[in-house]
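Enquirer: I have a structure here, written as structure tokens, and I will follow up with some questions on it.
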Amino acid sequence: MPRPSYCYSEAGTTTPSLSSASQPARSGRSSPVKRELALRQATDLPVERRAIQDLTASRLVELVERISLCGDKEGILPSALEQQIRSGETIDDRARPRMFANDARDTSHQTYEYQRILHICRNSLKCADAAHPVHEVEWNERVHAPMLELAFEQQEARAASEERRRLVYHNVTNVRTDQLFRDQDLFLKENKIDYGVFLAPSSDSALGRRIVGRSRRARRDGLPDQVHALESFEPDRPLAIAVETKRHRGGDGYAPSQLANWARIHFRAVSHFIGQEMDGEAAPPCPLVEIEGTTWYASFAVRQDSAVKVYSGIRLGSTERLTDCYALLRSLECLADWARSTCWDWWELQLPMEERQPT
């Protein structure tokens, strides 16, 4: 069977106000306003932006409520380290009694976490120094990646020790999206993301066997067999969370439209993999994490009928101060729990167990 064409064109026309052959490509890509207009007017999966308060899906509402509680900072700090934390507090970041709570993990792990957070905060302040500005890549290496590693390596270790559902995160900055799922519109043709958080089922798990079976069937039919929109990268691991980073005071306003367009590409890939003939939701909601220097935000992309609705903006936390960084870590742990439960359950429900073909 020939490879189908899923490259989406905006009716094959060019709108003068959006693009011009005489303009350099960069001029279009640097305009968030034009990108947002193109997203709203897209003929396939147009984007509709909504306030976070408009969310109605019960699982997402519960997730947002948990993240909001993290923002209140109640119970985010380990009681076992109270004396140590108080000894290092600053005038603009006091550790209040309500912020401490008992932590079931051993003290050595709590101390390790505390030391890592201190290191991230110090690097964050260095990168944010207006007198010595640094590029986005340094922010990623010294602040953003270590924070993601701290949040999701704990999930990996917990999954390994308790045989629970495992997540992994990867830097996918240089990984292109598969041409199969891109638009042809100048402003929507391709968007990359910086990091992805993936479901990582073992090959002998229920979800792992389902993905292998569906991939095997796709290859028999001559179709792409990856479970997400990324080209030649971890084809059997569904993407659960997308992350885009920008340097402090970048001021380009590009990340929200970049993530929204990525969600459209992502939803196409998911629908393609599970099969258009399947009943149920077209795709699980996709959390979109936007990082601007020290501050982290989350939006939630939901595919509803023929549109993508993006509910934004809840603050996850910051790497600027110790208590803010702990709040951020707890918020990311909430996102990880959601990925391991709601997102994972959706994939198991949508992918039937494939019967083995005789060899």
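Letters A, B, ... go to the chains of the structure tokens in the order shown; residues in each chain start at 1; ligands are counted from 1 in the same order.
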For region 113-121 of chain A, find every residue with an atom within 12 Å (counting only C-alpha atoms), except residues of its own chain fewer than 3 positions away, and show them as a compact mmCIF listing (two decimals) with all heavy atoms, in the first residue's frame.

Expert:
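New file result.txt:
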# COMPACT_ATOMS: atom_id res chain seq x y z
N ILE A 76 5.10 21.56 50.67
CA ILE A 76 6.02 21.23 49.56
C ILE A 76 7.44 20.92 50.06
O ILE A 76 8.23 20.36 49.32
CB ILE A 76 6.08 22.38 48.53
CG1 ILE A 76 6.62 23.66 49.17
CG2 ILE A 76 4.72 22.60 47.88
CD1 ILE A 76 6.92 24.76 48.19
N LEU A 77 7.76 21.32 51.31
CA LEU A 77 9.11 21.15 51.83
C LEU A 77 9.17 19.96 52.80
O LEU A 77 8.22 19.74 53.57
CB LEU A 77 9.57 22.42 52.55
CG LEU A 77 9.51 23.73 51.76
CD1 LEU A 77 9.93 24.89 52.64
CD2 LEU A 77 10.40 23.65 50.52
N PRO A 78 10.25 19.21 52.82
CA PRO A 78 10.37 18.06 53.73
C PRO A 78 10.67 18.50 55.16
O PRO A 78 11.62 19.25 55.42
CB PRO A 78 11.54 17.27 53.13
CG PRO A 78 12.37 18.27 52.41
CD PRO A 78 11.41 19.31 51.90
N SER A 79 9.87 18.02 56.10
CA SER A 79 10.05 18.40 57.51
C SER A 79 11.41 17.96 58.04
O SER A 79 12.00 18.63 58.90
CB SER A 79 8.94 17.77 58.36
OG SER A 79 7.69 18.29 58.01
N ALA A 80 11.93 16.86 57.53
CA ALA A 80 13.20 16.33 58.01
C ALA A 80 14.35 17.30 57.76
O ALA A 80 15.38 17.24 58.44
CB ALA A 80 13.50 14.99 57.34
N LEU A 81 14.18 18.22 56.80
CA LEU A 81 15.25 19.16 56.46
C LEU A 81 14.90 20.58 56.88
O LEU A 81 15.52 21.55 56.39
CB LEU A 81 15.53 19.13 54.95
CG LEU A 81 15.93 17.79 54.34
CD1 LEU A 81 16.21 17.95 52.85
CD2 LEU A 81 17.16 17.21 55.04
N GLU A 82 13.94 20.75 57.79
CA GLU A 82 13.47 22.09 58.13
C GLU A 82 14.60 22.96 58.66
O GLU A 82 14.75 24.12 58.25
CB GLU A 82 12.35 22.01 59.17
CG GLU A 82 11.81 23.39 59.54
CD GLU A 82 10.56 23.33 60.40
OE1 GLU A 82 10.07 22.21 60.67
OE2 GLU A 82 10.07 24.40 60.79
N GLN A 84 17.81 22.73 58.17
CA GLN A 84 18.76 23.02 57.10
C GLN A 84 18.20 24.06 56.13
O GLN A 84 18.91 24.99 55.70
CB GLN A 84 19.08 21.72 56.35
CG GLN A 84 20.27 21.81 55.41
CD GLN A 84 20.64 20.44 54.87
OE1 GLN A 84 20.07 19.43 55.26
NE2 GLN A 84 21.59 20.42 53.95
N ILE A 85 16.94 23.94 55.79
CA ILE A 85 16.31 24.88 54.86
C ILE A 85 16.20 26.27 55.48
O ILE A 85 16.50 27.29 54.83
CB ILE A 85 14.93 24.36 54.43
CG1 ILE A 85 15.09 23.12 53.53
CG2 ILE A 85 14.14 25.44 53.69
CD1 ILE A 85 13.78 22.43 53.18
N GLY A 88 19.31 28.53 55.48
CA GLY A 88 19.73 29.14 54.23
C GLY A 88 18.71 30.06 53.61
O GLY A 88 18.89 30.53 52.48
N GLU A 89 17.60 30.36 54.32
CA GLU A 89 16.55 31.19 53.73
C GLU A 89 17.00 32.64 53.60
O GLU A 89 17.90 33.10 54.32
CB GLU A 89 15.27 31.09 54.55
CG GLU A 89 15.37 31.63 55.96
CD GLU A 89 14.08 31.41 56.75
OE1 GLU A 89 13.19 30.70 56.24
OE2 GLU A 89 13.98 31.95 57.86
N ARG A 105 9.83 9.39 51.87
CA ARG A 105 11.11 8.95 51.33
C ARG A 105 12.22 9.10 52.37
O ARG A 105 12.10 9.91 53.28
CB ARG A 105 11.44 9.74 50.06
CG ARG A 105 10.46 9.48 48.91
CD ARG A 105 10.67 10.46 47.77
NE ARG A 105 10.41 11.84 48.19
CZ ARG A 105 10.52 12.89 47.39
NH1 ARG A 105 10.91 12.72 46.14
NH2 ARG A 105 10.27 14.11 47.84
N ASP A 106 13.28 8.34 52.20
CA ASP A 106 14.36 8.38 53.19
C ASP A 106 15.07 9.72 53.15
O ASP A 106 15.05 10.44 52.14
CB ASP A 106 15.34 7.23 52.97
CG ASP A 106 16.01 7.29 51.61
OD1 ASP A 106 16.95 8.08 51.45
OD2 ASP A 106 15.56 6.55 50.71
N THR A 107 15.73 10.05 54.26
CA THR A 107 16.35 11.36 54.41
C THR A 107 17.47 11.59 53.39
O THR A 107 17.67 12.72 52.93
CB THR A 107 16.91 11.52 55.83
OG1 THR A 107 15.88 11.28 56.78
CG2 THR A 107 17.46 12.91 56.05
N SER A 108 18.19 10.55 53.04
CA SER A 108 19.27 10.71 52.07
C SER A 108 18.73 11.19 50.72
O SER A 108 19.34 12.04 50.07
CB SER A 108 20.03 9.39 51.90
OG SER A 108 19.18 8.38 51.39
N HIS A 109 17.57 10.67 50.33
CA HIS A 109 16.98 11.12 49.07
C HIS A 109 16.51 12.56 49.19
O HIS A 109 16.69 13.35 48.26
CB HIS A 109 15.81 10.22 48.68
CG HIS A 109 15.15 10.64 47.40
ND1 HIS A 109 15.59 10.23 46.16
CD2 HIS A 109 14.11 11.48 47.16
CE1 HIS A 109 14.85 10.77 45.22
NE2 HIS A 109 13.94 11.54 45.81
N GLN A 110 15.91 12.92 50.31
CA GLN A 110 15.46 14.30 50.51
C GLN A 110 16.64 15.28 50.48
O GLN A 110 16.53 16.38 49.92
CB GLN A 110 14.72 14.41 51.84
CG GLN A 110 13.44 13.58 51.91
CD GLN A 110 12.82 13.61 53.29
OE1 GLN A 110 12.80 14.64 53.94
NE2 GLN A 110 12.32 12.48 53.74
N SER A 124 20.33 29.36 37.95
CA SER A 124 19.26 30.19 37.41
C SER A 124 19.56 31.67 37.63
O SER A 124 19.38 32.50 36.73
CB SER A 124 17.93 29.81 38.08
OG SER A 124 16.86 30.54 37.54
N LEU A 125 20.04 32.02 38.81
CA LEU A 125 20.38 33.42 39.10
C LEU A 125 21.54 33.90 38.23
O LEU A 125 21.56 35.05 37.77
CB LEU A 125 20.73 33.57 40.58
CG LEU A 125 19.57 33.45 41.56
CD1 LEU A 125 20.07 33.49 43.00
CD2 LEU A 125 18.53 34.54 41.32
N LYS A 126 22.50 33.03 37.98
CA LYS A 126 23.63 33.40 37.12
C LYS A 126 23.16 33.65 35.69
O LYS A 126 23.55 34.62 35.04
CB LYS A 126 24.68 32.29 37.14
CG LYS A 126 25.43 32.16 38.45
CD LYS A 126 26.39 30.98 38.42
CE LYS A 126 27.10 30.80 39.76
NZ LYS A 126 27.99 29.60 39.75
N CYS A 127 22.29 32.76 35.18
CA CYS A 127 21.81 32.91 33.81
C CYS A 127 20.92 34.14 33.65
O CYS A 127 20.84 34.73 32.57
CB CYS A 127 21.05 31.65 33.38
SG CYS A 127 22.10 30.19 33.14
N ALA A 128 20.22 34.51 34.73
CA ALA A 128 19.28 35.63 34.67
C ALA A 128 19.95 36.98 34.91
O ALA A 128 19.28 38.02 34.86
CB ALA A 128 18.17 35.43 35.69
N TRP A 139 20.85 28.29 29.21
CA TRP A 139 19.71 28.11 30.12
C TRP A 139 19.30 26.63 30.15
O TRP A 139 19.05 26.07 31.22
CB TRP A 139 18.53 28.95 29.64
CG TRP A 139 18.49 30.35 30.17
CD1 TRP A 139 18.86 31.49 29.52
CD2 TRP A 139 18.06 30.76 31.46
NE1 TRP A 139 18.67 32.59 30.32
CE2 TRP A 139 18.17 32.18 31.53
CE3 TRP A 139 17.56 30.09 32.57
CZ2 TRP A 139 17.82 32.91 32.66
CZ3 TRP A 139 17.21 30.82 33.70
CH2 TRP A 139 17.34 32.21 33.74
N ASN A 140 19.22 26.04 28.97
CA ASN A 140 18.80 24.64 28.90
C ASN A 140 19.77 23.71 29.62
O ASN A 140 19.35 22.82 30.36
CB ASN A 140 18.65 24.21 27.44
CG ASN A 140 17.44 24.83 26.77
OD1 ASN A 140 16.56 25.39 27.44
ND2 ASN A 140 17.38 24.77 25.46
N GLU A 141 21.05 23.93 29.38
CA GLU A 141 22.06 23.03 29.95
C GLU A 141 22.18 23.17 31.46
O GLU A 141 22.36 22.18 32.17
CB GLU A 141 23.42 23.31 29.30
CG GLU A 141 23.51 22.88 27.84
CD GLU A 141 24.85 23.26 27.22
OE1 GLU A 141 25.64 23.95 27.92
OE2 GLU A 141 25.10 22.86 26.08
N ARG A 142 22.08 24.40 31.98
CA ARG A 142 22.38 24.64 33.38
C ARG A 142 21.14 24.69 34.27
O ARG A 142 21.25 24.51 35.50
CB ARG A 142 23.17 25.94 33.54
CG ARG A 142 24.47 25.97 32.73
CD ARG A 142 25.26 27.23 32.98
NE ARG A 142 25.75 27.29 34.35
CZ ARG A 142 26.51 28.30 34.81
NH1 ARG A 142 26.84 29.30 34.00
NH2 ARG A 142 26.92 28.30 36.06
N VAL A 143 19.96 24.93 33.68
CA VAL A 143 18.76 25.12 34.50
C VAL A 143 17.62 24.19 34.07
O VAL A 143 17.14 23.38 34.87
CB VAL A 143 18.28 26.59 34.45
CG1 VAL A 143 17.04 26.78 35.31
CG2 VAL A 143 19.39 27.53 34.90
N HIS A 144 17.20 24.31 32.83
CA HIS A 144 15.98 23.61 32.41
C HIS A 144 16.14 22.09 32.39
O HIS A 144 15.30 21.36 32.94
CB HIS A 144 15.54 24.12 31.04
CG HIS A 144 15.33 25.60 31.00
ND1 HIS A 144 15.58 26.37 29.89
CD2 HIS A 144 14.90 26.46 31.96
CE1 HIS A 144 15.30 27.64 30.15
NE2 HIS A 144 14.90 27.72 31.40
N ALA A 145 17.20 21.61 31.76
CA ALA A 145 17.41 20.16 31.71
C ALA A 145 17.63 19.56 33.10
O ALA A 145 17.04 18.52 33.42
CB ALA A 145 18.58 19.82 30.78
N PRO A 146 18.44 20.17 33.98
CA PRO A 146 18.57 19.62 35.33
C PRO A 146 17.26 19.57 36.10
O PRO A 146 17.02 18.64 36.87
CB PRO A 146 19.57 20.58 36.00
CG PRO A 146 20.40 21.10 34.87
CD PRO A 146 19.43 21.24 33.73
N MET A 147 16.38 20.55 35.87
CA MET A 147 15.08 20.54 36.56
C MET A 147 14.21 19.40 36.05
O MET A 147 13.57 18.69 36.84
CB MET A 147 14.38 21.89 36.35
CG MET A 147 13.17 22.11 37.24
SD MET A 147 13.66 22.34 38.97
CE MET A 147 12.44 21.31 39.78
N LEU A 148 14.18 19.23 34.74
CA LEU A 148 13.41 18.12 34.17
C LEU A 148 13.98 16.78 34.62
O LEU A 148 13.24 15.84 34.93
CB LEU A 148 13.42 18.21 32.64
CG LEU A 148 12.61 19.35 32.03
CD1 LEU A 148 12.92 19.49 30.54
CD2 LEU A 148 11.12 19.13 32.23
N GLU A 149 15.29 16.69 34.67
CA GLU A 149 15.94 15.46 35.10
C GLU A 149 15.57 15.14 36.54
O GLU A 149 15.25 13.99 36.88
CB GLU A 149 17.45 15.59 34.97
CG GLU A 149 18.20 14.32 35.36
CD GLU A 149 19.70 14.48 35.22
OE1 GLU A 149 20.19 15.63 35.33
OE2 GLU A 149 20.38 13.47 35.04
N LEU A 150 15.60 16.15 37.41
CA LEU A 150 15.25 15.94 38.81
C LEU A 150 13.81 15.45 38.96
O LEU A 150 13.53 14.55 39.75
CB LEU A 150 15.46 17.24 39.60
CG LEU A 150 15.16 17.19 41.10
CD1 LEU A 150 16.04 16.15 41.79
CD2 LEU A 150 15.34 18.56 41.73
N ALA A 151 12.91 16.05 38.20
CA ALA A 151 11.49 15.67 38.30
C ALA A 151 11.23 14.28 37.76
O ALA A 151 10.53 13.48 38.39
CB ALA A 151 10.63 16.70 37.56
N GLU A 153 13.58 11.83 36.70
CA GLU A 153 14.43 10.70 37.07
C GLU A 153 13.88 10.05 38.34
O GLU A 153 14.01 8.84 38.55
CB GLU A 153 15.87 11.14 37.27
CG GLU A 153 16.16 11.88 38.57
CD GLU A 153 17.64 12.16 38.78
OE1 GLU A 153 18.42 11.89 37.85
OE2 GLU A 153 17.99 12.65 39.86
N GLN A 154 13.25 10.85 39.20
CA GLN A 154 12.61 10.28 40.38
C GLN A 154 11.46 9.38 39.99
O GLN A 154 11.23 8.33 40.58
CB GLN A 154 12.12 11.40 41.30
CG GLN A 154 13.24 12.22 41.91
CD GLN A 154 12.74 13.30 42.85
OE1 GLN A 154 13.51 13.87 43.57
NE2 GLN A 154 11.46 13.57 42.84
N GLY A 293 13.03 31.48 30.74
CA GLY A 293 14.05 31.75 31.75
C GLY A 293 13.76 31.04 33.04
O GLY A 293 13.79 29.81 33.13
N THR A 294 13.43 31.79 34.08
CA THR A 294 13.20 31.20 35.40
C THR A 294 11.79 30.67 35.58
O THR A 294 11.56 29.84 36.46
CB THR A 294 13.45 32.26 36.50
OG1 THR A 294 12.55 33.36 36.31
CG2 THR A 294 14.88 32.76 36.46
N THR A 295 10.84 31.12 34.79
CA THR A 295 9.43 30.86 35.06
C THR A 295 8.85 29.81 34.12
O THR A 295 9.10 29.84 32.91
CB THR A 295 8.61 32.16 34.95
OG1 THR A 295 9.25 33.19 35.73
CG2 THR A 295 7.21 31.96 35.47
N SER A 318 8.92 28.42 39.61
CA SER A 318 10.07 29.17 39.13
C SER A 318 11.34 28.58 39.71
O SER A 318 11.32 27.93 40.75
CB SER A 318 9.93 30.64 39.54
OG SER A 318 11.14 31.35 39.35
N THR A 319 12.45 28.80 39.02
CA THR A 319 13.76 28.36 39.53
C THR A 319 14.52 29.51 40.17
O THR A 319 15.71 29.40 40.43
CB THR A 319 14.60 27.77 38.38
OG1 THR A 319 14.71 28.74 37.32
CG2 THR A 319 13.96 26.51 37.84
N GLU A 320 13.82 30.59 40.45
CA GLU A 320 14.49 31.79 40.95
C GLU A 320 14.79 31.70 42.45
O GLU A 320 15.81 32.19 42.91
CB GLU A 320 13.63 33.02 40.67
CG GLU A 320 14.38 34.33 40.73
CD GLU A 320 13.58 35.46 40.10
OE1 GLU A 320 12.46 35.21 39.61
OE2 GLU A 320 14.10 36.59 40.10
N ARG A 321 13.87 31.10 43.22
CA ARG A 321 14.03 30.98 44.67
C ARG A 321 13.79 29.53 45.09
O ARG A 321 13.13 28.77 44.39
CB ARG A 321 13.05 31.91 45.40
CG ARG A 321 13.23 33.38 45.08
CD ARG A 321 12.16 34.22 45.77
NE ARG A 321 12.29 35.63 45.43
CZ ARG A 321 11.74 36.20 44.37
NH1 ARG A 321 11.03 35.45 43.53
NH2 ARG A 321 11.90 37.48 44.12
N LEU A 322 14.28 29.20 46.27
CA LEU A 322 14.22 27.82 46.73
C LEU A 322 12.79 27.30 46.84
O LEU A 322 12.47 26.24 46.30
CB LEU A 322 14.93 27.69 48.09
CG LEU A 322 14.98 26.26 48.64
CD1 LEU A 322 15.98 25.42 47.88
CD2 LEU A 322 15.32 26.29 50.14
N THR A 323 11.92 28.05 47.54
CA THR A 323 10.55 27.56 47.71
C THR A 323 9.80 27.53 46.38
O THR A 323 8.96 26.65 46.16
CB THR A 323 9.78 28.42 48.74
OG1 THR A 323 9.73 29.78 48.30
CG2 THR A 323 10.45 28.34 50.11
N ASP A 324 10.08 28.49 45.49
CA ASP A 324 9.47 28.46 44.16
C ASP A 324 9.92 27.23 43.39
O ASP A 324 9.14 26.62 42.65
CB ASP A 324 9.84 29.72 43.37
CG ASP A 324 9.16 30.97 43.88
OD1 ASP A 324 8.08 30.83 44.49
OD2 ASP A 324 9.71 32.06 43.70
N CYS A 325 11.19 26.87 43.55
CA CYS A 325 11.73 25.71 42.84
C CYS A 325 11.11 24.41 43.38
O CYS A 325 10.83 23.49 42.60
CB CYS A 325 13.25 25.69 43.00
SG CYS A 325 14.10 24.77 41.70
N TYR A 326 10.90 24.35 44.67
CA TYR A 326 10.22 23.18 45.23
C TYR A 326 8.77 23.10 44.72
O TYR A 326 8.27 22.02 44.41
CB TYR A 326 10.22 23.24 46.76
CG TYR A 326 11.32 22.44 47.42
CD1 TYR A 326 12.45 23.08 47.95
CD2 TYR A 326 11.25 21.06 47.51
CE1 TYR A 326 13.47 22.35 48.56
CE2 TYR A 326 12.26 20.32 48.11
CZ TYR A 326 13.37 20.97 48.63
OH TYR A 326 14.37 20.23 49.23
N ALA A 327 8.11 24.24 44.64
CA ALA A 327 6.74 24.26 44.11
C ALA A 327 6.72 23.78 42.66
O ALA A 327 5.83 23.03 42.25
CB ALA A 327 6.15 25.66 44.21
N LEU A 328 7.73 24.21 41.89
CA LEU A 328 7.85 23.76 40.50
C LEU A 328 8.05 22.25 40.43
O LEU A 328 7.41 21.57 39.62
CB LEU A 328 9.01 24.49 39.83
CG LEU A 328 9.42 24.00 38.44
CD1 LEU A 328 8.25 24.10 37.46
CD2 LEU A 328 10.62 24.79 37.93
N LEU A 329 8.93 21.73 41.27
CA LEU A 329 9.18 20.29 41.28
C LEU A 329 7.90 19.52 41.59
O LEU A 329 7.58 18.52 40.93
CB LEU A 329 10.26 19.96 42.30
CG LEU A 329 10.58 18.47 42.49
CD1 LEU A 329 11.07 17.85 41.18
CD2 LEU A 329 11.62 18.29 43.59
N ARG A 330 7.14 19.96 42.59
CA ARG A 330 5.89 19.28 42.93
C ARG A 330 4.87 19.38 41.80
O ARG A 330 4.11 18.44 41.54
CB ARG A 330 5.30 19.85 44.22
CG ARG A 330 6.22 19.81 45.43
CD ARG A 330 6.70 18.42 45.76
NE ARG A 330 7.64 18.43 46.89
CZ ARG A 330 8.78 17.79 46.91
NH1 ARG A 330 9.15 17.03 45.88
NH2 ARG A 330 9.57 17.85 47.97

Enquirer: Step one, run DSSP on the backbone; step two, keep only residues of region 242-359 of chain A assigned to strand (DSSP E); then write them as an NGL selection string.

Expert: :A and (242-246 or 286-292 or 295-304 or 307-318)

Enquirer: Pull C-alpha atoms from the residues just selected and write them as a short mmCIF file (atom, residue, chain, number, x, y, z; two decimals), in the first residue's frame.

Expert:
data_model
loop_
_atom_site.label_atom_id
_atom_site.label_comp_id
_atom_site.auth_asym_id
_atom_site.auth_seq_id
_atom_site.Cartn_x
_atom_site.Cartn_y
_atom_site.Cartn_z
CA ALA A 242 5.71 18.77 25.20
CA VAL A 243 8.21 21.35 26.52
CA GLU A 244 9.48 24.52 24.83
CA THR A 245 12.11 26.77 26.37
CA LYS A 246 13.12 30.39 25.83
CA CYS A 286 -1.41 17.13 25.70
CA PRO A 287 0.13 19.32 28.42
CA LEU A 288 2.26 22.08 26.86
CA VAL A 289 4.99 23.38 29.16
CA GLU A 290 6.40 26.80 28.30
CA ILE A 291 9.59 27.94 30.01
CA GLU A 292 10.80 31.52 29.85
CA THR A 295 9.43 30.86 35.06
CA TRP A 296 7.47 27.79 33.97
CA TYR A 297 3.87 27.73 32.71
CA ALA A 298 1.51 25.02 31.51
CA SER A 299 -1.27 25.00 28.94
CA PHE A 300 -3.41 22.05 27.92
CA ALA A 301 -4.19 21.20 24.30
CA VAL A 302 -7.39 19.24 23.75
CA ARG A 303 -8.61 17.93 20.42
CA GLN A 304 -12.36 18.48 20.21
CA ALA A 307 -10.44 21.93 16.30
CA VAL A 308 -7.65 22.08 18.87
CA LYS A 309 -8.56 24.01 22.00
CA VAL A 310 -5.65 25.32 24.05
CA TYR A 311 -6.43 26.12 27.67
CA SER A 312 -3.80 28.40 29.18
CA GLY A 313 -2.05 29.56 31.46
CA ILE A 314 -1.28 28.15 34.86
CA ARG A 315 2.02 28.91 36.54
CA LEU A 316 3.97 25.82 37.54
CA GLY A 317 6.70 27.57 39.52
CA SER A 318 10.07 29.17 39.13
#

Enquirer: I'd like the interatomic distance between CA of Lys34 (chain A) and CA of Ala229 (chain A), to a tenth of an Å.

Expert: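 Between CA of Lys34 (chain A) and CA of Ala229 (chain A) the gap is 24.0 Å.
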
Enquirer: When you draw a straight line from CA of Arg94 (chain A) to CA of Ala130 (chain A), how long is it in Å?

Expert: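 Taking CA of Arg94 (chain A) and CA of Ala130 (chain A), their separation equals 24.6 Å.
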
Enquirer: Take CA of Val47 (chain A) and CA of Val197 (chain A) and report the distance between them in Å, one decimal.

Expert: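 Separating CA of Val47 (chain A) from CA of Val197 (chain A) is a distance of 22.6 Å.
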